[in-house]
Structure formats: C-alpha cells, structure tokens
>>> print(open('protein21.txt').read())   # compact mmCIF, C-alpha atoms
# COMPACT_ATOMS: atom_id res chain seq x y z
CA ASN A 1 117.76 51.55 -56.80
CA ALA A 2 115.26 53.92 -55.20
CA GLY A 3 116.74 53.81 -51.67
CA VAL A 4 114.07 54.51 -49.04
CA THR A 5 110.60 55.54 -50.20
CA GLN A 6 107.74 56.86 -48.08
CA THR A 7 104.09 57.48 -48.77
CA PRO A 8 102.25 59.78 -48.50
CA LYS A 9 104.36 62.94 -48.57
CA PHE A 10 101.66 65.07 -46.95
CA GLN A 11 98.60 64.22 -44.89
CA VAL A 12 96.01 66.14 -42.90
CA LEU A 13 93.91 64.24 -40.37
CA LYS A 14 91.22 65.13 -37.91
CA THR A 15 91.61 64.16 -34.28
CA GLY A 16 90.62 60.53 -33.82
CA GLN A 17 91.18 59.45 -37.40
CA SER A 18 93.56 56.62 -38.21
CA MET A 19 96.15 56.21 -40.93
CA THR A 20 99.17 54.16 -41.94
CA LEU A 21 102.45 55.57 -43.16
CA GLN A 22 104.23 53.30 -45.60
CA CYS A 23 107.97 52.81 -45.97
CA ALA A 24 109.98 50.56 -48.25
CA GLN A 25 113.69 50.06 -48.93
CA ASP A 26 115.40 48.19 -51.72
CA MET A 27 118.88 47.90 -50.23
CA ASN A 28 118.33 44.57 -48.46
CA HIS A 29 118.94 46.16 -45.05
CA ASN A 30 117.93 44.26 -41.96
CA SER A 31 117.29 47.31 -39.76
CA MET A 32 114.52 49.83 -40.32
CA TYR A 33 113.40 52.77 -38.19
CA TRP A 34 110.65 55.33 -37.75
CA TYR A 35 111.55 58.79 -36.41
CA ARG A 36 109.58 61.93 -35.84
CA GLN A 37 111.12 65.37 -36.17
CA ASP A 38 109.77 68.36 -34.30
CA PRO A 39 111.21 71.90 -34.26
CA GLY A 40 114.09 72.24 -31.82
CA MET A 41 113.93 68.59 -30.75
CA GLY A 42 115.92 66.79 -33.39
CA LEU A 43 114.85 63.31 -34.43
CA ARG A 44 113.24 61.02 -31.89
CA LEU A 45 112.95 57.30 -32.42
CA ILE A 46 109.40 55.93 -32.40
CA TYR A 47 109.93 52.26 -33.25
CA TYR A 48 112.59 50.21 -34.92
CA SER A 49 112.96 46.75 -36.40
CA ALA A 50 116.32 45.02 -36.19
CA SER A 51 115.22 42.30 -38.59
CA GLU A 52 112.20 40.91 -40.38
CA GLY A 53 109.63 39.77 -37.86
CA THR A 54 110.93 41.82 -34.93
CA THR A 55 109.97 45.25 -33.67
CA ASP A 56 110.95 47.27 -30.60
CA LYS A 57 109.86 50.49 -28.98
CA GLY A 58 111.99 53.57 -29.21
CA GLU A 59 111.93 56.78 -27.24
CA VAL A 60 108.36 57.92 -28.07
CA PRO A 61 106.20 54.88 -28.99
CA ASN A 62 102.91 55.90 -27.35
CA GLY A 63 100.07 56.31 -29.83
CA TYR A 64 101.81 54.34 -32.58
CA ASN A 65 102.02 50.78 -33.83
CA VAL A 66 104.31 49.27 -36.44
CA SER A 67 104.42 46.27 -38.74
CA ARG A 68 107.50 44.79 -40.38
CA LEU A 69 105.63 43.18 -43.25
CA ASN A 70 108.73 41.72 -44.87
CA LYS A 71 112.36 42.70 -45.21
CA ARG A 72 111.52 45.59 -47.54
CA GLU A 73 108.55 47.18 -45.81
CA PHE A 74 108.02 48.80 -42.41
CA SER A 75 104.74 50.62 -41.76
CA LEU A 76 103.74 53.01 -38.99
CA ARG A 77 100.10 53.22 -37.88
CA LEU A 78 98.33 55.91 -35.93
CA GLU A 79 95.16 54.33 -34.55
CA SER A 80 93.58 57.51 -33.18
CA ALA A 81 95.45 60.61 -34.24
CA ALA A 82 96.01 63.46 -31.78
CA PRO A 83 97.24 67.04 -32.40
CA SER A 84 100.45 66.15 -30.51
CA GLN A 85 101.27 63.79 -33.37
CA THR A 86 101.59 66.67 -35.81
CA SER A 87 105.15 66.25 -37.02
CA VAL A 88 107.38 65.21 -39.87
CA TYR A 89 107.92 61.45 -39.94
CA PHE A 90 111.03 59.87 -41.37
CA CYS A 91 111.69 56.25 -42.17
CA ALA A 92 115.27 55.00 -42.31
CA SER A 93 117.12 51.82 -43.04
CA SER A 94 120.59 50.82 -41.99
CA SER A 95 123.26 48.27 -42.69
CA GLY A 96 124.83 48.99 -39.31
CA THR A 97 127.15 51.69 -40.56
CA SER A 98 125.48 53.43 -43.47
CA TRP A 99 122.16 55.09 -42.94
CA TYR A 100 119.57 56.03 -45.54
CA PHE A 101 116.55 58.21 -44.91
CA GLY A 102 113.32 58.61 -46.79
CA PRO A 103 112.05 62.06 -47.86
CA GLY A 104 109.59 62.28 -44.96
CA THR A 105 105.83 62.53 -44.43
CA ARG A 106 104.50 65.84 -43.17
CA LEU A 107 101.47 65.07 -40.99
CA THR A 108 99.08 67.62 -39.55
CA VAL A 109 96.41 66.59 -37.06
CA LEU A 110 93.65 69.12 -36.56
CA LYS B 1 121.63 57.96 -20.71
CA GLN B 2 123.41 59.23 -23.80
CA GLU B 3 122.53 62.77 -24.81
CA VAL B 4 123.75 64.62 -27.88
CA THR B 5 123.93 68.41 -27.98
CA GLN B 6 124.69 70.78 -30.83
CA ILE B 7 125.46 74.42 -30.17
CA PRO B 8 124.72 76.89 -31.67
CA ALA B 9 121.27 76.10 -33.01
CA ALA B 10 121.86 78.50 -35.92
CA LEU B 11 124.90 80.04 -37.57
CA SER B 12 125.28 82.58 -40.37
CA VAL B 13 128.64 83.28 -42.02
CA PRO B 14 129.78 85.02 -45.24
CA GLU B 15 130.74 82.95 -48.24
CA GLY B 16 134.35 81.78 -48.36
CA GLU B 17 134.86 81.47 -44.63
CA ASN B 18 136.05 78.31 -42.95
CA LEU B 19 133.75 77.22 -40.15
CA VAL B 20 133.37 74.64 -37.42
CA LEU B 21 130.18 72.99 -36.18
CA ASN B 22 130.19 71.42 -32.75
CA CYS B 23 128.64 68.27 -31.32
CA SER B 24 128.96 67.01 -27.75
CA PHE B 25 127.81 63.75 -26.18
CA THR B 26 127.56 62.75 -22.53
CA ASP B 27 128.82 59.15 -22.60
CA SER B 28 132.18 58.39 -24.21
CA ALA B 29 131.18 54.77 -24.88
CA ILE B 30 130.13 55.07 -28.49
CA TYR B 31 130.27 52.68 -31.44
CA ASN B 32 130.42 55.42 -34.05
CA LEU B 33 129.36 58.98 -34.81
CA GLN B 34 127.85 60.36 -38.00
CA TRP B 35 127.29 63.78 -39.42
CA PHE B 36 124.22 64.33 -41.60
CA ARG B 37 122.97 67.14 -43.76
CA GLN B 38 119.29 68.02 -44.10
CA ASP B 39 117.98 70.43 -46.71
CA PRO B 40 114.62 72.12 -46.06
CA GLY B 41 111.73 69.75 -46.62
CA LYS B 42 114.04 66.85 -47.35
CA GLY B 43 115.35 63.76 -45.62
CA LEU B 44 118.83 63.31 -44.20
CA THR B 45 121.97 62.63 -46.19
CA SER B 46 124.97 61.03 -44.51
CA LEU B 47 128.14 63.13 -44.82
CA LEU B 48 130.80 61.44 -42.74
CA LEU B 49 130.97 58.44 -40.43
CA ILE B 50 133.68 58.10 -37.77
CA GLN B 51 134.19 54.78 -36.06
CA SER B 52 135.06 54.83 -32.35
CA SER B 53 138.67 53.87 -33.10
CA GLN B 54 139.14 56.74 -35.55
CA ARG B 55 140.09 60.35 -34.89
CA GLU B 56 138.87 61.97 -38.10
CA GLN B 57 137.35 61.48 -41.54
CA THR B 58 137.57 63.70 -44.59
CA SER B 59 135.44 64.13 -47.67
CA GLY B 60 136.21 66.99 -50.01
CA ARG B 61 135.87 70.26 -48.11
CA LEU B 62 134.51 68.49 -45.04
CA ASN B 63 136.53 67.15 -42.14
CA ALA B 64 135.02 65.53 -39.07
CA SER B 65 136.97 64.87 -35.89
CA LEU B 66 136.18 62.75 -32.87
CA ASP B 67 137.51 63.04 -29.31
CA LYS B 68 135.75 60.40 -27.25
CA SER B 69 137.47 61.26 -23.99
CA SER B 70 136.07 64.78 -24.03
CA GLY B 71 132.77 63.75 -25.62
CA ARG B 72 133.17 66.02 -28.64
CA SER B 73 133.07 65.97 -32.39
CA THR B 74 133.55 68.82 -34.83
CA LEU B 75 132.62 69.22 -38.48
CA TYR B 76 134.98 71.56 -40.30
CA ILE B 77 133.78 73.08 -43.57
CA ALA B 78 136.45 74.78 -45.65
CA ALA B 79 135.81 77.66 -48.05
CA SER B 80 132.06 77.72 -47.41
CA GLN B 81 129.63 78.17 -50.32
CA PRO B 82 125.95 79.20 -50.43
CA GLY B 83 125.15 75.61 -51.39
CA ASP B 84 126.40 74.51 -47.97
CA SER B 85 123.37 76.17 -46.39
CA ALA B 86 121.42 73.44 -44.62
CA THR B 87 120.87 71.92 -41.20
CA TYR B 88 123.69 69.72 -39.99
CA LEU B 89 122.91 66.97 -37.53
CA CYS B 90 125.24 64.91 -35.43
CA ALA B 91 124.24 61.38 -34.42
CA VAL B 92 125.82 58.92 -32.04
CA ARG B 93 125.47 55.17 -31.97
CA PRO B 94 126.09 54.41 -28.26
CA GLY B 95 127.66 51.39 -26.70
CA TYR B 96 129.65 48.65 -28.39
CA SER B 97 127.23 47.21 -30.91
CA SER B 98 126.35 48.13 -34.47
CA ALA B 99 122.75 47.28 -33.59
CA SER B 100 122.27 49.93 -30.91
CA LYS B 101 119.86 52.76 -31.53
CA ILE B 102 121.27 55.96 -32.96
CA ILE B 103 120.71 59.19 -31.02
CA PHE B 104 120.50 62.54 -32.79
CA GLY B 105 121.37 66.05 -31.76
CA SER B 106 118.88 68.78 -32.60
CA GLY B 107 121.09 70.19 -35.34
CA THR B 108 122.76 73.44 -36.35
CA ARG B 109 121.06 75.46 -39.07
CA LEU B 110 123.81 76.92 -41.25
CA SER B 111 123.31 79.87 -43.56
CA ILE B 112 126.07 80.99 -45.93
CA ARG B 113 125.64 84.60 -47.08
CA PRO B 114 126.75 85.32 -50.69
>>> encode(input="protein21.txt", output="structure tokens")
Amino acid sequence: NAGVTQTPKFQVLKTGQSMTLQCAQDMNHNSMYWYRQDPGMGLRLIYYSASEGTTDKGEVPNGYNVSRLNKREFSLRLESAAPSQTSVYFCASSSGTSWYFGPGTRLTVL
Amino acid sequence: KQEVTQIPAALSVPEGENLVLNCSFTDSAIYNLQWFRQDPGKGLTSLLLIQSSQREQTSGRLNASLDKSSGRSTLYIAASQPGDSATYLCAVRPGYSSASKIIFGSGTRLSIRP
C-alpha cells in the first residue's frame, strides 16, 4: 500500500514549455485533488475530481488542465508554463473523512 | 466565503513546554475540521479530525478542540519535543457535505528548542 504517489519530485521548465504531473493512489478513494502551495499562502485548490470521469475547477484553475484517467490516476497538465506557476504541487485523495497527501512536486519555471 | 486563519505564522518554544496553536474560521457551518502536520519538503500528514458534532479529539500528546459558535479550533501539544518541530495546518470542510472542498489555513511553523 503506497498511498499517494507523485512524479516527478522536481522539475525545471522554461516559460512556454508544457508538462504533466502524475498522481496515483491505491486506496480506492473516489475523490482526488491537486493543490499548489506557495510561501505564506497555504494550500490552494487547483482542480478536484469527486469521482472517476468528473472534474471541477477549484480556487486557482487558470493555466492548468486535469484528467481523471481512471479511479487510481489524476494528472495535472501545464500547457504553457509561466513563472507564476513556480510552486510546490501536491496531489491528495480522500474518502470523505481521511485525507492522504503525496510527497509533492517542486516545479520551477524560468 | 469561508476563510481559515492561523496566527501566529511562526512560534518558537523551549523543549518541555505545553503549547497551543490557534485556528479561526469565518463561517460556523462546517462539516469537519482537521489538523495536519507538514515536515520540510514533505507532504501533509493528518493528525486529528473533529466532526462538527464533536468538541475535541485526542491522540497521544495532542488534543484538538472545536468551538463552532466562535469559529475557533485549538491544537494543544503537551510536553513538546524537538521532533514536534514542523508546520501545522488547520483545514476546514465547509457546509454540510463530506464532498465539499477543504479549505486550508496558511499554517503555523513551530520550532522546539532543545
């Protein structure tokens, strides 16, 4: 039981490049989430998926897209990276009460 | 709109002291509230979950309380140890559904001095 896994752990992009952050959970949770964490601002919700096949925007969705590939996997895509997207990205899954977070992806956009 | 605030942003205390971390929220209509711990460069680990009908939860040296009417929660840490050094985040699930989006405070960075 690995919990929530994320890849990659670190990434450096140039402005305008694209990339996909991968997330997978093995706890059979319906709900999955993508957050970004910036200094002094806590965690802000980017997108979430309440169940397989559904996705919804969170607080800061601009510049991002998501795919809920199946119940296990929820990916986050940056189509054209911008310096403002430099952040630490966390994926989470939830059963409604218990929450589990991945180790995070530290992304720098130059 | 629900907002979650944690003050102070940072706290440093000597080892062995009992301490209290504070969390406040603007709307008393919450489903539950959770306290998390985050170590540097790591993800979040859930510490305690309090349902809206509960007043407190305890786990070892940790005790979390909830007062919905005043929009406050506290995390009490007894006999603090250097290993307790971390950032502690409070998160609220607003409304009346387990499916609502969780809202985080910005955290309190705790440092325990040996």
>>> closest_atom_pairs(input="protein21.txt", of="chain B", to="chain A", cutoff="8 Å", atoms="only C-alpha atoms", output="JSON lines")
{"residue": "B:Gly41", "atom": "CA", "partner": "A:Pro103", "partner_atom": "CA", "distance": 7.8}
{"residue": "B:Lys42", "atom": "CA", "partner": "A:Pro103", "partner_atom": "CA", "distance": 5.2}
{"residue": "B:Gly43", "atom": "CA", "partner": "A:Pro103", "partner_atom": "CA", "distance": 4.3}
{"residue": "B:Leu44", "atom": "CA", "partner": "A:Phe101", "partner_atom": "CA", "distance": 5.6}
{"residue": "B:Thr45", "atom": "CA", "partner": "A:Tyr100", "partner_atom": "CA", "distance": 7.1}
{"residue": "B:Ser46", "atom": "CA", "partner": "A:Trp99", "partner_atom": "CA", "distance": 6.8}
{"residue": "B:Leu49", "atom": "CA", "partner": "A:Thr97", "partner_atom": "CA", "distance": 7.8}
{"residue": "B:Ser98", "atom": "CA", "partner": "A:Gly96", "partner_atom": "CA", "distance": 5.1}
{"residue": "B:Ala99", "atom": "CA", "partner": "A:Gly96", "partner_atom": "CA", "distance": 6.3}
{"residue": "B:Ile103", "atom": "CA", "partner": "A:Arg44", "partner_atom": "CA", "distance": 7.7}
{"residue": "B:Phe104", "atom": "CA", "partner": "A:Leu43", "partner_atom": "CA", "distance": 5.9}
{"residue": "B:Gly105", "atom": "CA", "partner": "A:Gly42", "partner_atom": "CA", "distance": 5.7}
{"residue": "B:Ser106", "atom": "CA", "partner": "A:Gly42", "partner_atom": "CA", "distance": 3.7}
{"residue": "B:Gly107", "atom": "CA", "partner": "A:Gly42", "partner_atom": "CA", "distance": 6.5}
>>> atom_distance(input="protein21.txt", atom1="atom CA of A:Arg36", atom2="atom CA of A:Gln6")
13.4 Å
>>> residues_around(input="protein21.txt", residues="B:Leu21", least_positions_apart="6", cutoff="8 Å", atoms="all atoms listed in the file", output="list in words")
Gln6, Ile7, Thr74, Leu75, Tyr76 and Thr108 of chain B
>>> atom_distance(input="protein21.txt", atom1="atom CA of B:Leu33", atom2="atom CA of B:Lys1")
16.1 Å
>>> closest_residue(input="protein21.txt", among="B:Leu11, B:Ser80, B:Ser100, B:Tyr88", to="B:Gln34", atoms="only C-alpha atoms")
B:Tyr88
>>> residues_around(input="protein21.txt", residues="B:Ser24", least_positions_apart="6", cutoff="8 Å", atoms="only C-alpha atoms", output="list in words")
Val4, Thr5, Gln6, Gly71, Arg72 and Ser73 of chain B
>>> atom_distance(input="protein21.txt", atom1="atom CA of A:Leu13", atom2="atom CA of A:Leu76")
15.0 Å
>>> closest_residue(input="protein21.txt", among="A:Gly3, A:Ser84, A:Asp26, A:Trp34", to="A:Lys57", atoms="only C-alpha atoms")
A:Trp34
>>> closest_residue(input="protein21.txt", among="B:Asn32, B:Ser70, B:Gln81, B:Gln38", to="B:Gln54", atoms="only C-alpha atoms")
B:Asn32
>>> closest_residue(input="protein21.txt", among="A:Thr108, A:Ser87, A:Asn28, A:Ser49", to="A:Phe74", atoms="all atoms listed in the file")
A:Ser49
>>> residues_near_point(input="protein21.txt", point="(117.4, 40.1, -40.0)", cutoff="6 Å", atoms="only C-alpha atoms", output="ChimeraX atom specification")
/A:30,51-52
>>> write_last_selection(input="protein21.txt", atoms="C-alpha atoms", output="PDB file, in the frame of the given file")
ATOM      1  CA  ASN A  30     117.930  44.260 -41.960  1.00  0.00           C
ATOM      2  CA  SER A  51     115.220  42.300 -38.590  1.00  0.00           C
ATOM      3  CA  GLU A  52     112.200  40.910 -40.380  1.00  0.00           C
TER       4      GLU A  52
END
>>> residues_near_point(input="protein21.txt", point="(129.1, 84.1, -47.0)", cutoff="8 Å", atoms="only C-alpha atoms", output="CSV table (one decimal) with C-alpha atoms, in the frame of the given file")
chain,number,residue,atom,x,y,z
B,12,SER,CA,125.3,82.6,-40.4
B,13,VAL,CA,128.6,83.3,-42.0
B,14,PRO,CA,129.8,85.0,-45.2
B,15,GLU,CA,130.7,83.0,-48.2
B,16,GLY,CA,134.4,81.8,-48.4
B,17,GLU,CA,134.9,81.5,-44.6
B,80,SER,CA,132.1,77.7,-47.4
B,81,GLN,CA,129.6,78.2,-50.3
B,82,PRO,CA,126.0,79.2,-50.4
B,111,SER,CA,123.3,79.9,-43.6
B,112,ILE,CA,126.1,81.0,-45.9
B,113,ARG,CA,125.6,84.6,-47.1
B,114,PRO,CA,126.8,85.3,-50.7
>>> closest_residue(input="protein21.txt", among="A:Gln85, A:Thr15, A:Gln22, A:Thr5", to="A:Asn62", atoms="all atoms listed in the file")
A:Gln85
>>> residues_around(input="protein21.txt", residues="A:Val12", least_positions_apart="3", cutoff="8 Å", atoms="all atoms listed in the file", output="list in words")
Leu107, Thr108, Val109 and Leu110 of chain A
>>> write_last_selection(input="protein21.txt", atoms="C-alpha atoms", output="PDB file, in the coordinates of the input")
ATOM      1  CA  LEU A 107     101.470  65.070 -40.990  1.00  0.00           C
ATOM      2  CA  THR A 108      99.080  67.620 -39.550  1.00  0.00           C
ATOM      3  CA  VAL A 109      96.410  66.590 -37.060  1.00  0.00           C
ATOM      4  CA  LEU A 110      93.650  69.120 -36.560  1.00  0.00           C
TER       5      LEU A 110
END
